[in-house]
Amino acid sequence: MTAELILGKEVSQEIYGELEARIAALKEKGVTPGLGVVLVGEDPASQTYVRMKGKKCEELGMRSETVILPESTTQSELLAKVDELNNNPGIHGFLIQLPLPDHIDEQAVINAIDPSKDVDCFHPSNVGRMLIGDPDFMPATPAGVQQMLIRSGIETEGKHVVVVGRSNIVGKPMAAMMMQKAKGADSTVTVVHSRTKDIASYTREADILIVAIGKAGFITEDMVKKGAVVMDVGTNHIPDSSKKSGTRLVGDVDFEKVKEKASAITPVPGGVGPMTICMLMVNTVHAAEMADKKRCNQ
Ligand code: GUN
């Protein structure tokens with residue numbers, strides 16, 4: 001049996017179709033949703049992500065403002081920029097592309113973002129609201145994985161979800177989301193990570209295996225239960241001399257082997273990848289809608 005492929009490109013198109021109507025409704029009221037993106041330094045992967053975010057805004061008829069700051073930017077200079085964006089009424093949501101240079105305290109910068117503009121959902125107040133089931137925003141990548149499950153008709157209620165990885169960006173929020181009393185959740189969740197003993201003994205029990213550990217090909221066929229749903233959040237660039245760039249993008253799952261055992265799987269590239277920007281756009285439109293509602297109520 002070869003697994004059904006769950007493709008982020010297809011799922012995101014469906015969501016963008018729904019967003020277009022919401023953007024048009026805002027524009028009729030004279031509001032163009034605006035996203036700010038701040039990049040510090042010259043990390044090539046971050047530069048690519050930032051470019052893609054700006055391009056997607058343009059495609060959707062949204063406003064985007066990209067702020068590029070040198071690697072030498074100080075923490076107080078960056079905090080001043082955050083303050084400026086917090087107070088810019090044309091920017092409904094913004095994010096600071098991570099990672100930041102080592103001399104900047106990442107959490108201090110995140111803490112300075114106005115939670116009502118925190119479209120990454122990284123501010124502790126938004127993380128807490130998501131945890132208690134009263135969110136304004138959902139973190140983009142885990143929300144993207146959840147939308148792929150919902151829109152592919154994959155039942156999650158009562159299923160055993162095993163999350164591999166415990167990062168603040170993916171693993172932790174993913175686990176918190178899947179345990180909520182909510183649509184596309186209501187699961188029994190196990191989290192495994194780099195210090196877990198015998199990871200395979202847990203992953204083999206997963207009905208839905210969500211992998212975000214950042215190691216190419218980490219999940220092998222013997223670690224997956226027959227018929228499991230496998231969501232691969234990994235983005236690893238491995239050497240490949242046949243490519244012009246000299247590298248190739250692979251996930252955390254041994255796709256070729258695991259697809260013969262799983263019932264559904266996301267490839268890399270083309271799987272979860274396109275969902276992150278899509279859910280960021282959803283959050284930005286939501287931020288604009290919230291700001292508009294607040295303005296109308298004043
Ligand atoms: N770096 C890697 N993923 C992300 C993300 O989702 N948001 C931001 N701001 N930086 C990232």
# chains A, B, ... in the order shown; residues from 1 in each chain; ligands from 1
>>> select_by_dssp(residues="stretch 35-261 of chain A", states="strand (DSSP E)", output="PDB file with N, CA, C and O atoms, in the first residue's frame")
ATOM      1  N   LEU A  35       1.129  43.502   6.844  1.00  0.00           N
ATOM      2  CA  LEU A  35       2.064  42.640   7.595  1.00  0.00           C
ATOM      3  C   LEU A  35       3.459  43.265   7.598  1.00  0.00           C
ATOM      4  O   LEU A  35       3.967  43.647   6.535  1.00  0.00           O
ATOM      5  N   GLY A  36       4.067  43.361   8.742  1.00  0.00           N
ATOM      6  CA  GLY A  36       5.462  43.800   8.851  1.00  0.00           C
ATOM      7  C   GLY A  36       6.362  42.598   9.105  1.00  0.00           C
ATOM      8  O   GLY A  36       6.000  41.704   9.862  1.00  0.00           O
ATOM      9  N   VAL A  37       7.503  42.575   8.442  1.00  0.00           N
ATOM     10  CA  VAL A  37       8.456  41.478   8.641  1.00  0.00           C
ATOM     11  C   VAL A  37       9.824  42.100   8.898  1.00  0.00           C
ATOM     12  O   VAL A  37      10.286  42.926   8.104  1.00  0.00           O
ATOM     13  N   VAL A  38      10.434  41.730  10.006  1.00  0.00           N
ATOM     14  CA  VAL A  38      11.742  42.295  10.354  1.00  0.00           C
ATOM     15  C   VAL A  38      12.804  41.207  10.247  1.00  0.00           C
ATOM     16  O   VAL A  38      12.661  40.128  10.831  1.00  0.00           O
ATOM     17  N   LEU A  39      13.836  41.496   9.474  1.00  0.00           N
ATOM     18  CA  LEU A  39      14.956  40.559   9.328  1.00  0.00           C
ATOM     19  C   LEU A  39      16.223  41.236   9.833  1.00  0.00           C
ATOM     20  O   LEU A  39      16.567  42.326   9.387  1.00  0.00           O
ATOM     21  N   VAL A  40      16.902  40.583  10.754  1.00  0.00           N
ATOM     22  CA  VAL A  40      18.183  41.108  11.245  1.00  0.00           C
ATOM     23  C   VAL A  40      19.284  40.180  10.739  1.00  0.00           C
ATOM     24  O   VAL A  40      19.253  38.971  11.015  1.00  0.00           O
ATOM     25  N   ARG A  63      -0.916  44.560   2.226  1.00  0.00           N
ATOM     26  CA  ARG A  63       0.237  45.453   2.305  1.00  0.00           C
ATOM     27  C   ARG A  63       1.345  44.738   3.061  1.00  0.00           C
ATOM     28  O   ARG A  63       1.069  44.002   4.019  1.00  0.00           O
ATOM     29  N   SER A  64       2.586  44.895   2.626  1.00  0.00           N
ATOM     30  CA  SER A  64       3.668  44.325   3.436  1.00  0.00           C
ATOM     31  C   SER A  64       4.793  45.329   3.564  1.00  0.00           C
ATOM     32  O   SER A  64       5.034  46.134   2.660  1.00  0.00           O
ATOM     33  N   GLU A  65       5.421  45.305   4.716  1.00  0.00           N
ATOM     34  CA  GLU A  65       6.565  46.189   4.948  1.00  0.00           C
ATOM     35  C   GLU A  65       7.695  45.323   5.470  1.00  0.00           C
ATOM     36  O   GLU A  65       7.556  44.687   6.523  1.00  0.00           O
ATOM     37  N   THR A  66       8.767  45.240   4.686  1.00  0.00           N
ATOM     38  CA  THR A  66       9.916  44.442   5.121  1.00  0.00           C
ATOM     39  C   THR A  66      10.992  45.379   5.642  1.00  0.00           C
ATOM     40  O   THR A  66      11.360  46.333   4.957  1.00  0.00           O
ATOM     41  N   VAL A  67      11.446  45.111   6.854  1.00  0.00           N
ATOM     42  CA  VAL A  67      12.487  45.941   7.466  1.00  0.00           C
ATOM     43  C   VAL A  67      13.752  45.083   7.555  1.00  0.00           C
ATOM     44  O   VAL A  67      13.739  44.038   8.200  1.00  0.00           O
ATOM     45  N   ILE A  68      14.799  45.500   6.854  1.00  0.00           N
ATOM     46  CA  ILE A  68      16.038  44.727   6.896  1.00  0.00           C
ATOM     47  C   ILE A  68      17.074  45.509   7.696  1.00  0.00           C
ATOM     48  O   ILE A  68      17.383  46.663   7.360  1.00  0.00           O
ATOM     49  N   LEU A  69      17.554  44.892   8.757  1.00  0.00           N
ATOM     50  CA  LEU A  69      18.515  45.548   9.644  1.00  0.00           C
ATOM     51  C   LEU A  69      19.840  44.780   9.621  1.00  0.00           C
ATOM     52  O   LEU A  69      19.846  43.558   9.433  1.00  0.00           O
ATOM     53  N   GLY A  93      -0.231  43.308  11.790  1.00  0.00           N
ATOM     54  CA  GLY A  93       0.527  42.242  12.437  1.00  0.00           C
ATOM     55  C   GLY A  93       1.957  42.279  11.953  1.00  0.00           C
ATOM     56  O   GLY A  93       2.216  42.756  10.833  1.00  0.00           O
ATOM     57  N   PHE A  94       2.881  41.852  12.795  1.00  0.00           N
ATOM     58  CA  PHE A  94       4.272  41.784  12.324  1.00  0.00           C
ATOM     59  C   PHE A  94       5.015  40.676  13.056  1.00  0.00           C
ATOM     60  O   PHE A  94       4.560  40.158  14.075  1.00  0.00           O
ATOM     61  N   LEU A  95       6.160  40.325  12.482  1.00  0.00           N
ATOM     62  CA  LEU A  95       6.983  39.278  13.097  1.00  0.00           C
ATOM     63  C   LEU A  95       8.450  39.638  12.964  1.00  0.00           C
ATOM     64  O   LEU A  95       8.846  40.404  12.078  1.00  0.00           O
ATOM     65  N   ILE A  96       9.213  39.095  13.869  1.00  0.00           N
ATOM     66  CA  ILE A  96      10.667  39.219  13.813  1.00  0.00           C
ATOM     67  C   ILE A  96      11.173  37.857  13.355  1.00  0.00           C
ATOM     68  O   ILE A  96      10.957  36.852  14.047  1.00  0.00           O
ATOM     69  N   HIS A 160      -4.059   8.546  19.050  1.00  0.00           N
ATOM     70  CA  HIS A 160      -2.786   8.770  19.729  1.00  0.00           C
ATOM     71  C   HIS A 160      -1.859   9.559  18.802  1.00  0.00           C
ATOM     72  O   HIS A 160      -1.417   9.050  17.765  1.00  0.00           O
ATOM     73  N   VAL A 161      -1.617  10.812  19.156  1.00  0.00           N
ATOM     74  CA  VAL A 161      -0.693  11.658  18.391  1.00  0.00           C
ATOM     75  C   VAL A 161       0.659  11.640  19.098  1.00  0.00           C
ATOM     76  O   VAL A 161       0.734  11.938  20.298  1.00  0.00           O
ATOM     77  N   VAL A 162       1.701  11.289  18.385  1.00  0.00           N
ATOM     78  CA  VAL A 162       3.046  11.379  18.948  1.00  0.00           C
ATOM     79  C   VAL A 162       3.779  12.513  18.234  1.00  0.00           C
ATOM     80  O   VAL A 162       3.871  12.529  17.002  1.00  0.00           O
ATOM     81  N   VAL A 163       4.232  13.487  19.024  1.00  0.00           N
ATOM     82  CA  VAL A 163       4.975  14.626  18.489  1.00  0.00           C
ATOM     83  C   VAL A 163       6.452  14.369  18.768  1.00  0.00           C
ATOM     84  O   VAL A 163       6.835  14.126  19.915  1.00  0.00           O
ATOM     85  N   VAL A 164       7.269  14.429  17.727  1.00  0.00           N
ATOM     86  CA  VAL A 164       8.705  14.212  17.885  1.00  0.00           C
ATOM     87  C   VAL A 164       9.380  15.578  17.798  1.00  0.00           C
ATOM     88  O   VAL A 164       9.386  16.198  16.731  1.00  0.00           O
ATOM     89  N   THR A 188      -5.001  12.060  22.185  1.00  0.00           N
ATOM     90  CA  THR A 188      -4.135  11.695  23.307  1.00  0.00           C
ATOM     91  C   THR A 188      -2.712  11.947  22.816  1.00  0.00           C
ATOM     92  O   THR A 188      -2.322  11.424  21.768  1.00  0.00           O
ATOM     93  N   VAL A 189      -1.970  12.794  23.540  1.00  0.00           N
ATOM     94  CA  VAL A 189      -0.696  13.273  22.994  1.00  0.00           C
ATOM     95  C   VAL A 189       0.512  12.779  23.799  1.00  0.00           C
ATOM     96  O   VAL A 189       0.515  12.836  25.028  1.00  0.00           O
ATOM     97  N   THR A 190       1.503  12.309  23.081  1.00  0.00           N
ATOM     98  CA  THR A 190       2.805  11.985  23.681  1.00  0.00           C
ATOM     99  C   THR A 190       3.851  12.854  22.982  1.00  0.00           C
ATOM    100  O   THR A 190       3.796  13.020  21.766  1.00  0.00           O
ATOM    101  N   VAL A 191       4.762  13.413  23.773  1.00  0.00           N
ATOM    102  CA  VAL A 191       5.865  14.188  23.178  1.00  0.00           C
ATOM    103  C   VAL A 191       7.173  13.453  23.454  1.00  0.00           C
ATOM    104  O   VAL A 191       7.455  13.100  24.603  1.00  0.00           O
ATOM    105  N   VAL A 192       7.943  13.214  22.406  1.00  0.00           N
ATOM    106  CA  VAL A 192       9.280  12.633  22.591  1.00  0.00           C
ATOM    107  C   VAL A 192      10.316  13.609  22.039  1.00  0.00           C
ATOM    108  O   VAL A 192      10.001  14.454  21.202  1.00  0.00           O
ATOM    109  N   ILE A 208      -1.114   9.062  14.648  1.00  0.00           N
ATOM    110  CA  ILE A 208      -0.675  10.237  13.883  1.00  0.00           C
ATOM    111  C   ILE A 208       0.697  10.632  14.418  1.00  0.00           C
ATOM    112  O   ILE A 208       0.844  10.909  15.617  1.00  0.00           O
ATOM    113  N   LEU A 209       1.684  10.615  13.548  1.00  0.00           N
ATOM    114  CA  LEU A 209       3.058  10.912  13.956  1.00  0.00           C
ATOM    115  C   LEU A 209       3.456  12.264  13.354  1.00  0.00           C
ATOM    116  O   LEU A 209       3.426  12.432  12.131  1.00  0.00           O
ATOM    117  N   ILE A 210       3.777  13.214  14.224  1.00  0.00           N
ATOM    118  CA  ILE A 210       4.146  14.564  13.751  1.00  0.00           C
ATOM    119  C   ILE A 210       5.613  14.784  14.106  1.00  0.00           C
ATOM    120  O   ILE A 210       5.987  14.750  15.284  1.00  0.00           O
ATOM    121  N   VAL A 211       6.431  15.001  13.087  1.00  0.00           N
ATOM    122  CA  VAL A 211       7.878  14.980  13.300  1.00  0.00           C
ATOM    123  C   VAL A 211       8.496  16.348  13.033  1.00  0.00           C
ATOM    124  O   VAL A 211       8.390  16.889  11.929  1.00  0.00           O
ATOM    125  N   VAL A 229      -0.677   7.958  10.083  1.00  0.00           N
ATOM    126  CA  VAL A 229      -0.607   9.211   9.320  1.00  0.00           C
ATOM    127  C   VAL A 229       0.697   9.897   9.740  1.00  0.00           C
ATOM    128  O   VAL A 229       0.947  10.051  10.943  1.00  0.00           O
ATOM    129  N   VAL A 230       1.523  10.285   8.775  1.00  0.00           N
ATOM    130  CA  VAL A 230       2.847  10.841   9.106  1.00  0.00           C
ATOM    131  C   VAL A 230       2.967  12.265   8.560  1.00  0.00           C
ATOM    132  O   VAL A 230       2.861  12.489   7.342  1.00  0.00           O
ATOM    133  N   MET A 231       3.150  13.214   9.462  1.00  0.00           N
ATOM    134  CA  MET A 231       3.267  14.623   9.098  1.00  0.00           C
ATOM    135  C   MET A 231       4.720  15.043   9.349  1.00  0.00           C
ATOM    136  O   MET A 231       5.186  15.050  10.495  1.00  0.00           O
ATOM    137  N   ASP A 232       5.427  15.398   8.279  1.00  0.00           N
ATOM    138  CA  ASP A 232       6.867  15.677   8.374  1.00  0.00           C
ATOM    139  C   ASP A 232       7.098  17.193   8.317  1.00  0.00           C
ATOM    140  O   ASP A 232       6.902  17.825   7.272  1.00  0.00           O
ATOM    141  N   ASN A 236      15.495  20.042   6.127  1.00  0.00           N
ATOM    142  CA  ASN A 236      16.944  19.850   6.243  1.00  0.00           C
ATOM    143  C   ASN A 236      17.573  19.948   4.852  1.00  0.00           C
ATOM    144  O   ASN A 236      17.095  19.325   3.910  1.00  0.00           O
ATOM    145  N   HIS A 237      18.630  20.757   4.766  1.00  0.00           N
ATOM    146  CA  HIS A 237      19.344  20.873   3.491  1.00  0.00           C
ATOM    147  C   HIS A 237      20.540  19.928   3.541  1.00  0.00           C
ATOM    148  O   HIS A 237      21.439  20.110   4.354  1.00  0.00           O
ATOM    149  N   ILE A 238      20.512  18.895   2.686  1.00  0.00           N
ATOM    150  CA  ILE A 238      21.621  17.932   2.692  1.00  0.00           C
ATOM    151  C   ILE A 238      22.425  18.065   1.394  1.00  0.00           C
ATOM    152  O   ILE A 238      21.889  18.494   0.361  1.00  0.00           O
ATOM    153  N   PRO A 239      23.712  17.719   1.434  1.00  0.00           N
ATOM    154  CA  PRO A 239      24.548  17.857   0.229  1.00  0.00           C
ATOM    155  C   PRO A 239      24.010  17.011  -0.926  1.00  0.00           C
ATOM    156  O   PRO A 239      23.572  15.887  -0.713  1.00  0.00           O
ATOM    157  N   THR A 247      22.853  21.479  -2.699  1.00  0.00           N
ATOM    158  CA  THR A 247      22.086  20.861  -1.610  1.00  0.00           C
ATOM    159  C   THR A 247      20.671  20.526  -2.078  1.00  0.00           C
ATOM    160  O   THR A 247      20.210  21.023  -3.108  1.00  0.00           O
ATOM    161  N   ARG A 248      20.020  19.700  -1.269  1.00  0.00           N
ATOM    162  CA  ARG A 248      18.644  19.276  -1.569  1.00  0.00           C
ATOM    163  C   ARG A 248      17.874  19.318  -0.253  1.00  0.00           C
ATOM    164  O   ARG A 248      18.424  19.043   0.813  1.00  0.00           O
ATOM    165  N   LEU A 249      16.577  19.681  -0.359  1.00  0.00           N
ATOM    166  CA  LEU A 249      15.731  19.780   0.832  1.00  0.00           C
ATOM    167  C   LEU A 249      15.088  18.428   1.130  1.00  0.00           C
ATOM    168  O   LEU A 249      14.456  17.832   0.250  1.00  0.00           O
ATOM    169  N   VAL A 250      15.266  17.942   2.348  1.00  0.00           N
ATOM    170  CA  VAL A 250      14.608  16.693   2.776  1.00  0.00           C
ATOM    171  C   VAL A 250      13.975  16.914   4.152  1.00  0.00           C
ATOM    172  O   VAL A 250      14.346  17.819   4.888  1.00  0.00           O
TER     173      VAL A 250
END
>>> residues_around(residues="A:Leu5", least_positions_apart="6", cutoff="8 Å", atoms="only C-alpha atoms", output="number ranges by chain")
A: 264-267
>>> write_last_selection(atoms="all heavy atoms", output="PDB file, in the first residue's frame")
ATOM      1  N   ALA A 264      -1.227   7.847   5.120  1.00  0.00           N
ATOM      2  CA  ALA A 264      -1.136   9.198   4.544  1.00  0.00           C
ATOM      3  C   ALA A 264       0.160   9.825   5.029  1.00  0.00           C
ATOM      4  O   ALA A 264       0.612   9.560   6.154  1.00  0.00           O
ATOM      5  CB  ALA A 264      -2.331  10.050   4.980  1.00  0.00           C
ATOM      6  N   ILE A 265       0.758  10.643   4.171  1.00  0.00           N
ATOM      7  CA  ILE A 265       2.075  11.222   4.515  1.00  0.00           C
ATOM      8  C   ILE A 265       2.250  12.552   3.789  1.00  0.00           C
ATOM      9  O   ILE A 265       1.677  12.765   2.709  1.00  0.00           O
ATOM     10  CB  ILE A 265       3.205  10.217   4.149  1.00  0.00           C
ATOM     11  CG1 ILE A 265       4.569  10.657   4.706  1.00  0.00           C
ATOM     12  CG2 ILE A 265       3.281   9.988   2.635  1.00  0.00           C
ATOM     13  CD1 ILE A 265       5.642   9.572   4.632  1.00  0.00           C
ATOM     14  N   THR A 266       3.014  13.451   4.409  1.00  0.00           N
ATOM     15  CA  THR A 266       3.352  14.711   3.737  1.00  0.00           C
ATOM     16  C   THR A 266       4.771  14.594   3.172  1.00  0.00           C
ATOM     17  O   THR A 266       5.691  14.213   3.895  1.00  0.00           O
ATOM     18  CB  THR A 266       3.323  15.896   4.727  1.00  0.00           C
ATOM     19  OG1 THR A 266       4.284  15.648   5.771  1.00  0.00           O
ATOM     20  CG2 THR A 266       1.954  16.081   5.345  1.00  0.00           C
ATOM     21  N   PRO A 267       4.964  14.917   1.882  1.00  0.00           N
ATOM     22  CA  PRO A 267       6.322  14.900   1.333  1.00  0.00           C
ATOM     23  C   PRO A 267       7.090  16.154   1.740  1.00  0.00           C
ATOM     24  O   PRO A 267       6.491  17.114   2.231  1.00  0.00           O
ATOM     25  CB  PRO A 267       6.081  14.895  -0.181  1.00  0.00           C
ATOM     26  CG  PRO A 267       4.776  15.607  -0.346  1.00  0.00           C
ATOM     27  CD  PRO A 267       3.960  15.333   0.899  1.00  0.00           C
TER      28      PRO A 267
END
>>> residues_near_ligand(ligand="ligand 1", cutoff="8 Å", atoms="only C-alpha atoms and all ligand atoms", output="list in words")
Ser46, Leu95, Ile96, Gln97, Leu98, Pro99, Asp120, Pro139, Ala140, Thr141, Ile169 and Thr276 of chain A
>>> write_last_selection(atoms="C-alpha atoms", output="PDB file, in the first residue's frame")
ATOM      1  CA  SER A  46      15.733  33.696   6.523  1.00  0.00           C
ATOM      2  CA  LEU A  95       6.983  39.278  13.097  1.00  0.00           C
ATOM      3  CA  ILE A  96      10.667  39.219  13.813  1.00  0.00           C
ATOM      4  CA  GLN A  97      12.267  36.517  11.679  1.00  0.00           C
ATOM      5  CA  LEU A  98      14.148  34.034  13.871  1.00  0.00           C
ATOM      6  CA  PRO A  99      16.875  33.159  14.636  1.00  0.00           C
ATOM      7  CA  ASP A 120       3.586  34.426  14.852  1.00  0.00           C
ATOM      8  CA  PRO A 139       1.182  29.442  15.755  1.00  0.00           C
ATOM      9  CA  ALA A 140       1.530  29.126  11.985  1.00  0.00           C
ATOM     10  CA  THR A 141       3.331  25.828  11.424  1.00  0.00           C
ATOM     11  CA  ILE A 169       7.967  27.040  17.374  1.00  0.00           C
ATOM     12  CA  THR A 276       3.325  28.134   7.369  1.00  0.00           C
TER      13      THR A 276
END
>>> closest_residue(among="A:Glu58, A:Asp252, A:Asp105, A:Glu10", to="A:Gln75", atoms="only C-alpha atoms")
A:Asp105
>>> residues_around(residues="stretch 71-73 of chain A", least_positions_apart="6", cutoff="12 Å", atoms="only C-alpha atoms", output="ChimeraX atom specification")
/A:38-43,79-81,99-104
>>> write_last_selection(atoms="all heavy atoms", output="tab-separated table (two decimals), in the first residue's frame")
chain	number	residue	atom	x	y	z
A	38	VAL	N	10.43	41.73	10.01
A	38	VAL	CA	11.74	42.29	10.35
A	38	VAL	C	12.80	41.21	10.25
A	38	VAL	O	12.66	40.13	10.83
A	38	VAL	CB	11.73	42.86	11.80
A	38	VAL	CG1	13.09	43.47	12.15
A	38	VAL	CG2	10.62	43.91	11.96
A	39	LEU	N	13.84	41.50	9.47
A	39	LEU	CA	14.96	40.56	9.33
A	39	LEU	C	16.22	41.24	9.83
A	39	LEU	O	16.57	42.33	9.39
A	39	LEU	CB	15.12	40.16	7.85
A	39	LEU	CG	16.35	39.33	7.49
A	39	LEU	CD1	16.32	37.97	8.18
A	39	LEU	CD2	16.45	39.13	5.98
A	40	VAL	N	16.90	40.58	10.75
A	40	VAL	CA	18.18	41.11	11.24
A	40	VAL	C	19.28	40.18	10.74
A	40	VAL	O	19.25	38.97	11.02
A	40	VAL	CB	18.22	41.18	12.79
A	40	VAL	CG1	19.53	41.80	13.26
A	40	VAL	CG2	17.02	41.96	13.33
A	41	GLY	N	20.24	40.76	9.99
A	41	GLY	CA	21.35	39.95	9.49
A	41	GLY	C	21.09	39.40	8.09
A	41	GLY	O	20.14	39.82	7.42
A	42	GLU	N	21.95	38.48	7.69
A	42	GLU	CA	21.93	38.03	6.29
A	42	GLU	C	21.82	36.53	6.12
A	42	GLU	O	22.33	35.96	5.16
A	42	GLU	CB	23.20	38.56	5.58
A	42	GLU	CG	23.18	40.07	5.45
A	42	GLU	CD	24.47	40.63	4.89
A	42	GLU	OE1	25.36	39.83	4.51
A	42	GLU	OE2	24.58	41.86	4.85
A	43	ASP	N	21.18	35.85	7.07
A	43	ASP	CA	21.01	34.41	6.95
A	43	ASP	C	20.23	34.10	5.66
A	43	ASP	O	19.12	34.59	5.48
A	43	ASP	CB	20.24	33.88	8.18
A	43	ASP	CG	19.95	32.40	8.06
A	43	ASP	OD1	20.91	31.61	8.03
A	43	ASP	OD2	18.76	32.03	7.98
A	79	LEU	N	14.46	46.87	19.63
A	79	LEU	CA	13.27	47.15	20.47
A	79	LEU	C	12.58	48.44	20.02
A	79	LEU	O	11.35	48.54	20.06
A	79	LEU	CB	13.66	47.21	21.95
A	79	LEU	CG	14.00	45.86	22.58
A	79	LEU	CD1	14.60	46.04	23.98
A	79	LEU	CD2	12.78	44.94	22.65
A	80	ALA	N	13.39	49.41	19.57
A	80	ALA	CA	12.81	50.67	19.07
A	80	ALA	C	11.99	50.41	17.81
A	80	ALA	O	10.91	50.99	17.61
A	80	ALA	CB	13.92	51.68	18.80
A	81	LYS	N	12.48	49.51	16.96
A	81	LYS	CA	11.75	49.14	15.73
A	81	LYS	C	10.44	48.44	16.08
A	81	LYS	O	9.38	48.69	15.49
A	81	LYS	CB	12.66	48.26	14.86
A	81	LYS	CG	12.10	47.85	13.53
A	81	LYS	CD	11.43	48.92	12.73
A	81	LYS	CE	12.43	49.79	11.97
A	81	LYS	NZ	11.73	50.81	11.14
A	99	PRO	N	16.20	32.73	13.41
A	99	PRO	CA	16.88	33.16	14.64
A	99	PRO	C	17.44	34.57	14.53
A	99	PRO	O	17.73	35.06	13.44
A	99	PRO	CB	18.02	32.13	14.74
A	99	PRO	CG	18.31	31.72	13.34
A	99	PRO	CD	17.02	31.81	12.60
A	100	LEU	N	17.61	35.20	15.71
A	100	LEU	CA	18.26	36.50	15.78
A	100	LEU	C	19.74	36.30	16.09
A	100	LEU	O	20.13	35.25	16.61
A	100	LEU	CB	17.61	37.34	16.89
A	100	LEU	CG	16.21	37.88	16.58
A	100	LEU	CD1	15.56	38.48	17.83
A	100	LEU	CD2	16.26	38.91	15.46
A	101	PRO	N	20.60	37.30	15.78
A	101	PRO	CA	22.02	37.17	16.14
A	101	PRO	C	22.18	36.90	17.64
A	101	PRO	O	21.34	37.31	18.45
A	101	PRO	CB	22.60	38.54	15.76
A	101	PRO	CG	21.64	39.13	14.79
A	101	PRO	CD	20.30	38.57	15.10
A	102	ASP	N	23.27	36.24	18.00
A	102	ASP	CA	23.48	35.79	19.39
A	102	ASP	C	23.48	36.91	20.42
A	102	ASP	O	23.14	36.69	21.58
A	102	ASP	CB	24.83	35.04	19.49
A	102	ASP	CG	24.74	33.69	18.82
A	102	ASP	OD1	23.60	33.23	18.57
A	102	ASP	OD2	25.81	33.09	18.54
A	103	HIS	N	23.86	38.14	20.01
A	103	HIS	CA	23.96	39.22	21.00
A	103	HIS	C	22.58	39.81	21.35
A	103	HIS	O	22.49	40.70	22.18
A	103	HIS	CB	24.91	40.33	20.50
A	103	HIS	CG	24.42	41.02	19.27
A	103	HIS	ND1	24.68	40.58	17.99
A	103	HIS	CD2	23.67	42.14	19.11
A	103	HIS	CE1	24.12	41.39	17.12
A	103	HIS	NE2	23.50	42.35	17.77
A	104	ILE	N	21.53	39.30	20.70
A	104	ILE	CA	20.18	39.81	21.00
A	104	ILE	C	19.39	38.75	21.77
A	104	ILE	O	19.40	37.58	21.40
A	104	ILE	CB	19.44	40.22	19.70
A	104	ILE	CG1	20.20	41.38	19.02
A	104	ILE	CG2	18.00	40.61	19.99
A	104	ILE	CD1	19.62	41.84	17.71
>>> atom_distance(atom1="atom CA of A:Lys181", atom2="atom CA of A:Ala206")
19.4 Å
>>> residues_around(residues="stretch 282-292 of chain A", least_positions_apart="5", cutoff="9 Å", atoms="only C-alpha atoms", output="ChimeraX atom specification")
/A:15-16,19,22-23,26,29,31-35,62,89,91-94,116-121,136-140,277,297
>>> residues_around(residues="A:Gly8", least_positions_apart="3", cutoff="8 Å", atoms="only C-alpha atoms", output="PyMOL selection string")
chain A and resi 11-12+148+270-275
>>> closest_residue(among="A:Gly227, A:Gly158, A:Gly153, A:Gly251", to="A:Ile213", atoms="only C-alpha atoms")
A:Gly251
